[in-house]
file start11.cif (mmCIF, C-alpha atoms)
data_upload
#
loop_
_atom_site.label_atom_id
_atom_site.label_comp_id
_atom_site.auth_asym_id
_atom_site.auth_seq_id
_atom_site.Cartn_x
_atom_site.Cartn_y
_atom_site.Cartn_z
CA SER A 1 0.00 0.00 0.00
CA SER A 2 1.25 3.43 -0.85
CA GLU A 3 0.35 5.46 2.19
CA LYS A 4 1.40 9.09 2.19
CA PRO A 5 3.73 9.98 5.02
CA LYS A 6 2.02 12.07 7.66
CA GLN A 7 2.99 15.69 7.68
CA ILE A 8 4.35 16.78 10.98
CA GLU A 9 2.52 19.93 11.94
CA GLU A 10 4.70 22.55 13.46
CA PRO A 11 3.09 24.60 16.17
CA LYS A 12 1.82 27.84 14.74
CA LYS A 13 3.87 30.74 15.89
CA GLU A 14 1.86 33.64 17.19
CA SER A 15 2.31 36.39 14.66
CA SER A 16 4.05 39.31 16.22
CA THR A 17 1.79 42.22 16.92
CA LEU A 18 4.82 44.42 17.19
CA PRO A 19 6.12 46.12 14.05
CA LYS A 20 9.76 45.70 13.05
CA TYR A 21 10.45 49.31 14.06
CA LEU A 22 8.91 51.75 16.49
CA TYR A 23 9.62 55.46 16.44
CA HIS A 24 10.23 58.10 19.07
CA LEU A 25 9.76 61.80 18.40
CA THR A 26 11.62 64.28 20.57
CA ASN A 27 13.18 67.72 20.47
CA SER A 28 16.87 68.57 19.91
CA THR A 29 17.52 69.32 23.59
CA ASN A 30 16.16 65.93 24.66
CA TYR A 31 18.10 64.24 21.85
CA GLU A 32 21.33 65.76 23.21
CA ARG A 33 20.40 64.42 26.68
CA ILE A 34 19.78 60.97 25.15
CA MET A 35 23.22 61.01 23.54
CA GLU A 36 24.87 62.19 26.79
CA THR A 37 23.20 59.59 29.02
CA GLY A 38 23.09 56.71 26.51
CA PHE A 39 19.41 56.11 27.24
CA LEU A 40 16.00 57.00 25.93
CA LEU A 41 14.77 58.18 29.31
CA LEU A 42 11.29 57.47 30.52
CA SER A 43 8.74 60.27 30.71
CA GLU A 44 6.71 60.65 33.86
CA ASP A 45 3.17 60.55 32.59
CA LEU A 46 -0.03 58.56 33.07
CA ILE A 47 2.20 55.55 32.35
CA ASP A 48 5.87 56.20 33.06
CA GLY A 49 7.91 55.10 30.09
CA VAL A 50 9.27 55.84 26.64
CA TYR A 51 6.43 56.72 24.27
CA LEU A 52 6.70 55.16 20.81
CA PHE A 53 4.59 54.80 17.69
CA ASP A 54 4.37 52.69 14.55
CA MET A 55 5.05 54.75 11.40
CA GLU A 56 2.33 53.10 9.30
CA ASP A 57 -0.21 53.76 12.06
CA PHE A 58 1.07 57.33 12.43
CA GLN A 59 0.70 58.04 8.71
CA SER A 60 -2.85 56.76 8.58
CA ASN A 61 -4.62 56.75 11.93
CA TRP A 62 -2.74 59.48 13.80
CA ARG A 63 -2.93 61.84 10.82
CA ASN A 64 -6.64 61.18 10.27
CA THR A 65 -7.90 61.33 13.86
CA LYS A 66 -8.75 64.67 15.43
CA ASN A 67 -8.05 65.31 19.07
CA ALA A 68 -10.98 65.51 21.48
CA ALA A 69 -11.10 69.30 21.11
CA GLY A 70 -11.27 68.93 17.33
CA THR A 71 -8.48 71.50 16.87
CA HIS A 72 -5.60 69.27 15.72
CA THR A 73 -4.95 65.79 14.44
CA LEU A 74 -3.29 63.44 16.91
CA ALA A 75 -0.16 63.63 14.71
CA GLU A 76 -0.03 67.42 15.08
CA ALA A 77 -0.57 67.12 18.82
CA LEU A 78 2.32 64.62 19.04
CA VAL A 79 4.66 67.01 17.24
CA GLU A 80 3.67 69.83 19.62
CA GLN A 81 4.21 67.54 22.62
CA ALA A 82 7.64 66.49 21.34
CA LEU A 83 8.77 70.07 20.79
CA LYS A 84 7.71 71.29 24.27
CA ARG A 85 8.46 74.88 23.26
CA GLU A 86 11.95 73.87 22.13
CA LYS A 87 13.43 74.13 18.67
CA GLY A 88 14.40 71.20 16.54
CA LEU A 89 12.51 67.98 16.05
CA VAL A 90 14.29 64.60 16.02
CA LEU A 91 12.81 61.28 14.90
CA LEU A 92 14.44 58.09 16.18
CA ARG A 93 13.85 54.61 14.77
CA ILE A 94 14.04 51.73 17.26
CA PRO A 95 14.30 48.14 16.00
CA THR A 96 11.95 46.13 18.22
CA GLU A 97 14.20 43.05 18.04
CA PHE A 98 16.59 44.73 20.49
CA ILE A 99 14.10 45.73 23.17
CA ASP A 100 12.37 43.62 25.80
CA THR A 101 8.83 43.31 24.48
CA ASP A 102 7.61 42.19 27.91
CA ASN A 103 8.06 45.81 28.99
CA ILE A 104 5.78 47.23 26.27
CA VAL A 105 2.12 48.09 26.71
CA ILE A 106 -0.26 49.78 24.30
CA ARG A 107 -3.12 52.25 24.52
CA PRO A 108 -5.39 53.67 21.85
CA GLU A 109 -4.32 57.31 21.65
CA ASP A 110 -7.83 58.52 20.85
CA ASP A 111 -9.04 57.13 24.20
CA VAL A 112 -6.15 58.82 26.02
CA ASN A 113 -6.92 62.11 24.33
CA LYS A 114 -10.62 61.92 25.24
CA PHE A 115 -9.74 60.98 28.83
CA ILE A 116 -7.34 63.88 29.46
CA ARG A 117 -9.95 66.29 28.11
CA SER A 118 -12.81 64.78 30.12
CA ASP A 119 -14.53 66.35 33.12
CA TYR A 120 -13.60 63.22 35.07
CA PHE A 121 -9.88 63.89 34.51
CA LYS A 122 -10.33 67.58 35.38
CA ASP A 123 -12.06 66.55 38.61
CA LEU A 124 -9.28 64.08 39.46
CA THR A 125 -6.65 66.72 38.74
CA ALA A 126 -8.42 69.20 41.05
CA GLU A 127 -8.93 66.57 43.76
CA TYR A 128 -5.24 65.61 43.84
CA ARG A 129 -3.77 69.09 43.27
CA ASN A 130 -2.93 69.50 46.98
CA LYS A 131 -1.82 65.87 47.35
CA GLY A 132 1.19 66.02 45.02
CA GLY A 133 -0.77 65.95 41.76
CA ILE A 134 -2.47 63.17 39.83
CA LEU A 135 0.84 61.80 38.48
CA LYS A 136 1.98 61.17 42.08
CA ASN A 137 -1.37 59.50 42.84
CA LYS A 138 -1.81 57.29 39.78
CA GLU A 139 -3.84 54.72 41.71
CA ALA A 140 -6.79 57.12 41.26
CA LEU A 141 -6.59 56.76 37.47
CA PRO A 142 -8.65 54.19 35.56
CA ASP A 143 -6.70 50.95 35.11
CA ASP A 144 -6.32 51.25 31.31
CA MET A 145 -4.90 54.78 31.59
CA ARG A 146 -2.50 53.74 34.37
CA ASN A 147 -1.41 50.34 33.00
CA GLY A 148 -2.28 50.14 29.31
CA PHE A 149 -3.01 46.86 27.54
CA PRO A 150 -0.75 43.96 26.52
CA ILE A 151 0.72 44.25 23.02
CA SER A 152 -1.17 41.08 22.10
CA GLU A 153 -4.28 43.28 21.87
CA ALA A 154 -2.74 45.55 19.22
CA SER A 155 -4.27 43.66 16.30
CA ASN A 156 -7.79 44.29 17.67
CA TYR A 157 -7.19 48.05 17.68
CA LYS A 158 -5.46 47.96 14.29
CA LYS A 159 -8.52 46.27 12.76
CA GLN A 160 -10.56 49.22 14.02
CA ASN A 161 -8.05 51.72 12.58
CA ARG A 162 -7.40 53.13 16.05
CA PRO A 163 -4.19 55.14 16.63
CA LEU A 164 -1.94 53.23 19.02
CA GLU A 165 0.80 54.40 21.30
CA TYR A 166 3.38 51.91 22.48
CA ILE A 167 4.89 52.56 25.88
CA TYR A 168 8.13 50.94 26.96
CA LYS A 169 8.03 50.82 30.75
CA GLY A 170 11.60 51.81 31.50
CA GLN A 171 14.60 53.34 29.81
CA ILE A 172 15.92 52.08 26.49
CA ASP A 173 19.69 51.67 26.30
CA ILE A 174 20.84 53.11 22.97
CA LYS A 175 24.12 51.15 23.00
CA ASP A 176 23.94 48.13 20.67
CA SER A 177 20.21 48.67 20.16
CA GLY A 178 20.22 49.68 16.52
CA ILE A 179 18.54 53.01 17.32
CA LYS A 180 19.02 55.38 14.42
CA LYS A 181 18.28 59.07 14.00
CA ILE A 182 16.02 59.28 10.94
CA PHE A 183 15.80 63.04 10.66
CA GLU A 184 16.27 66.30 12.48
CA LEU A 185 14.49 69.52 11.60
#
call {"tool": "encode", "arguments": {"input": "start11.cif", "output": "structure tokens"}}
result
Amino acid sequence: SSEKPKQIEEPKKESSTLPKYLYHLTNSTNYERIMETGFLLLSEDLIDGVYLFDMEDFQSNWRNTKNAAGTHTLAEALVEQALKREKGLVLLRIPTEFIDTDNIVIRPEDDVNKFIRSDYFKDLTAEYRNKGGILKNKEALPDDMRNGFPISEASNYKKQNRPLEYIYKGQIDIKDSGIKKIFEL
């Protein structure tokens, strides 16, 4: 009998929800600090970390989504945030193969934008003003704003064309990480 040999099925690898590169936008002063320290330093924010984005997502979803006030796109708001009244804009490309993906969480940027413009956030900010501020009392924040979501959920948001921010919870060592300056204006 000529029986076909059974194919050995390899376990399916979970497709990576992380793009090959993530990007970080900063100003020239912060870029000089990065070069001096050797680290992309974490920002103290709702989630402390290094804020990153996917270029494809930026070009489509960030550029096409207005902020909650309706005055800017999320892309324009990101550029303003990166500049922080400084001159010079620097874009860094970070290969994700060199960073610990267990330290990355995601959040849909449109939800973040709506939250920080909400009456609820204004009330929290007022309530904690005399207690060191809301960033010193993060336990009062909703869980998704304080902790984000695992990167495994990125594909769900991408299917909905939602702008995502990737947050690396910690500093990123620029030595041997393949980080490259893409442009400086």
call {"tool": "resolve_selection", "arguments": {"input": "start11.cif", "expression": "the PyMOL selection byres ((chain A and resi 109) around 9)", "output": "PyMOL selection string"}}
result
chain A and resi 62+74+106-108+110-114+162-165
call {"tool": "residues_around", "arguments": {"input": "start11.cif", "residues": "Leu22 of chain A", "least_positions_apart": "4", "cutoff": "8 Å", "atoms": "only C-alpha atoms", "output": "list of chain:residue names"}}
result
A:Leu52, A:Phe53, A:Asp54, A:Met55, A:Arg93, A:Ile94, A:Pro95, A:Thr96
call {"tool": "resolve_selection", "arguments": {"input": "start11.cif", "expression": "the PyMOL selection byres ((chain A and resi 63) around 10)", "output": "VMD selection string"}}
result
chain A and resid 57 to 62 64 to 66 72 to 77 163
call {"tool": "write_last_selection", "arguments": {"input": "start11.cif", "atoms": "C-alpha atoms", "output": "compact mmCIF listing (two decimals), keeping the file's coordinate frame"}}
result
# COMPACT_ATOMS: atom_id res chain seq x y z
CA ASP A 57 -0.21 53.76 12.06
CA PHE A 58 1.07 57.33 12.43
CA GLN A 59 0.70 58.04 8.71
CA SER A 60 -2.85 56.76 8.58
CA ASN A 61 -4.62 56.75 11.93
CA TRP A 62 -2.74 59.48 13.80
CA ASN A 64 -6.64 61.18 10.27
CA THR A 65 -7.90 61.33 13.86
CA LYS A 66 -8.75 64.67 15.43
CA HIS A 72 -5.60 69.27 15.72
CA THR A 73 -4.95 65.79 14.44
CA LEU A 74 -3.29 63.44 16.91
CA ALA A 75 -0.16 63.63 14.71
CA GLU A 76 -0.03 67.42 15.08
CA ALA A 77 -0.57 67.12 18.82
CA PRO A 163 -4.19 55.14 16.63
call {"tool": "residues_around", "arguments": {"input": "start11.cif", "residues": "Leu185 of chain A", "least_positions_apart": "3", "cutoff": "9 Å", "atoms": "all atoms listed in the file", "output": "PyMOL selection string"}}
result
chain A and resi 28+87-90
call {"tool": "residues_around", "arguments": {"input": "start11.cif", "residues": "segment 127-144 of chain A", "least_positions_apart": "5", "cutoff": "7 Å", "atoms": "all atoms listed in the file", "output": "ChimeraX atom specification"}}
result
/A:45-46,149
call {"tool": "residues_around", "arguments": {"input": "start11.cif", "residues": "Arg85 of chain A", "least_positions_apart": "3", "cutoff": "12 Å", "atoms": "all atoms listed in the file", "output": "list of chain:residue names"}}
result
A:Thr26, A:Asn27, A:Ser28, A:Thr29, A:Asn30, A:Val79, A:Glu80, A:Gln81, A:Ala82, A:Gly88, A:Leu89
call {"tool": "resolve_selection", "arguments": {"input": "start11.cif", "expression": "the PyMOL selection byres ((chain A and resi 105) around 10)", "output": "ChimeraX atom specification"}}
result
/A:47,49,51,101-104,106-107,147-154,165-169
call {"tool": "atom_distance", "arguments": {"input": "start11.cif", "atom1": "atom CA of Asp173 of chain A", "atom2": "atom CA of Leu40 of chain A"}}
result
6.5 Å
call {"tool": "closest_residue", "arguments": {"input": "start11.cif", "among": "A:Leu25, A:Arg117, A:Arg146, A:Gly70", "to": "Val50 of chain A", "atoms": "only C-alpha atoms"}}
result
A:Leu25
call {"tool": "atom_distance", "arguments": {"input": "start11.cif", "atom1": "atom CA of Leu83 of chain A", "atom2": "atom CA of Phe115 of chain A"}}
result
22.1 Å
call {"tool": "atom_distance", "arguments": {"input": "start11.cif", "atom1": "atom CA of Ile172 of chain A", "atom2": "atom CA of Lys84 of chain A"}}
result
21.0 Å
call {"tool": "closest_residue", "arguments": {"input": "start11.cif", "among": "A:Leu92, A:Leu18, A:Ala126, A:Ala69", "to": "Ile34 of chain A", "atoms": "only C-alpha atoms"}}
result
A:Leu92
call {"tool": "closest_residue", "arguments": {"input": "start11.cif", "among": "A:Glu184, A:Asp176, A:Glu97, A:Asp119", "to": "Gly38 of chain A", "atoms": "only C-alpha atoms"}}
result
A:Asp176
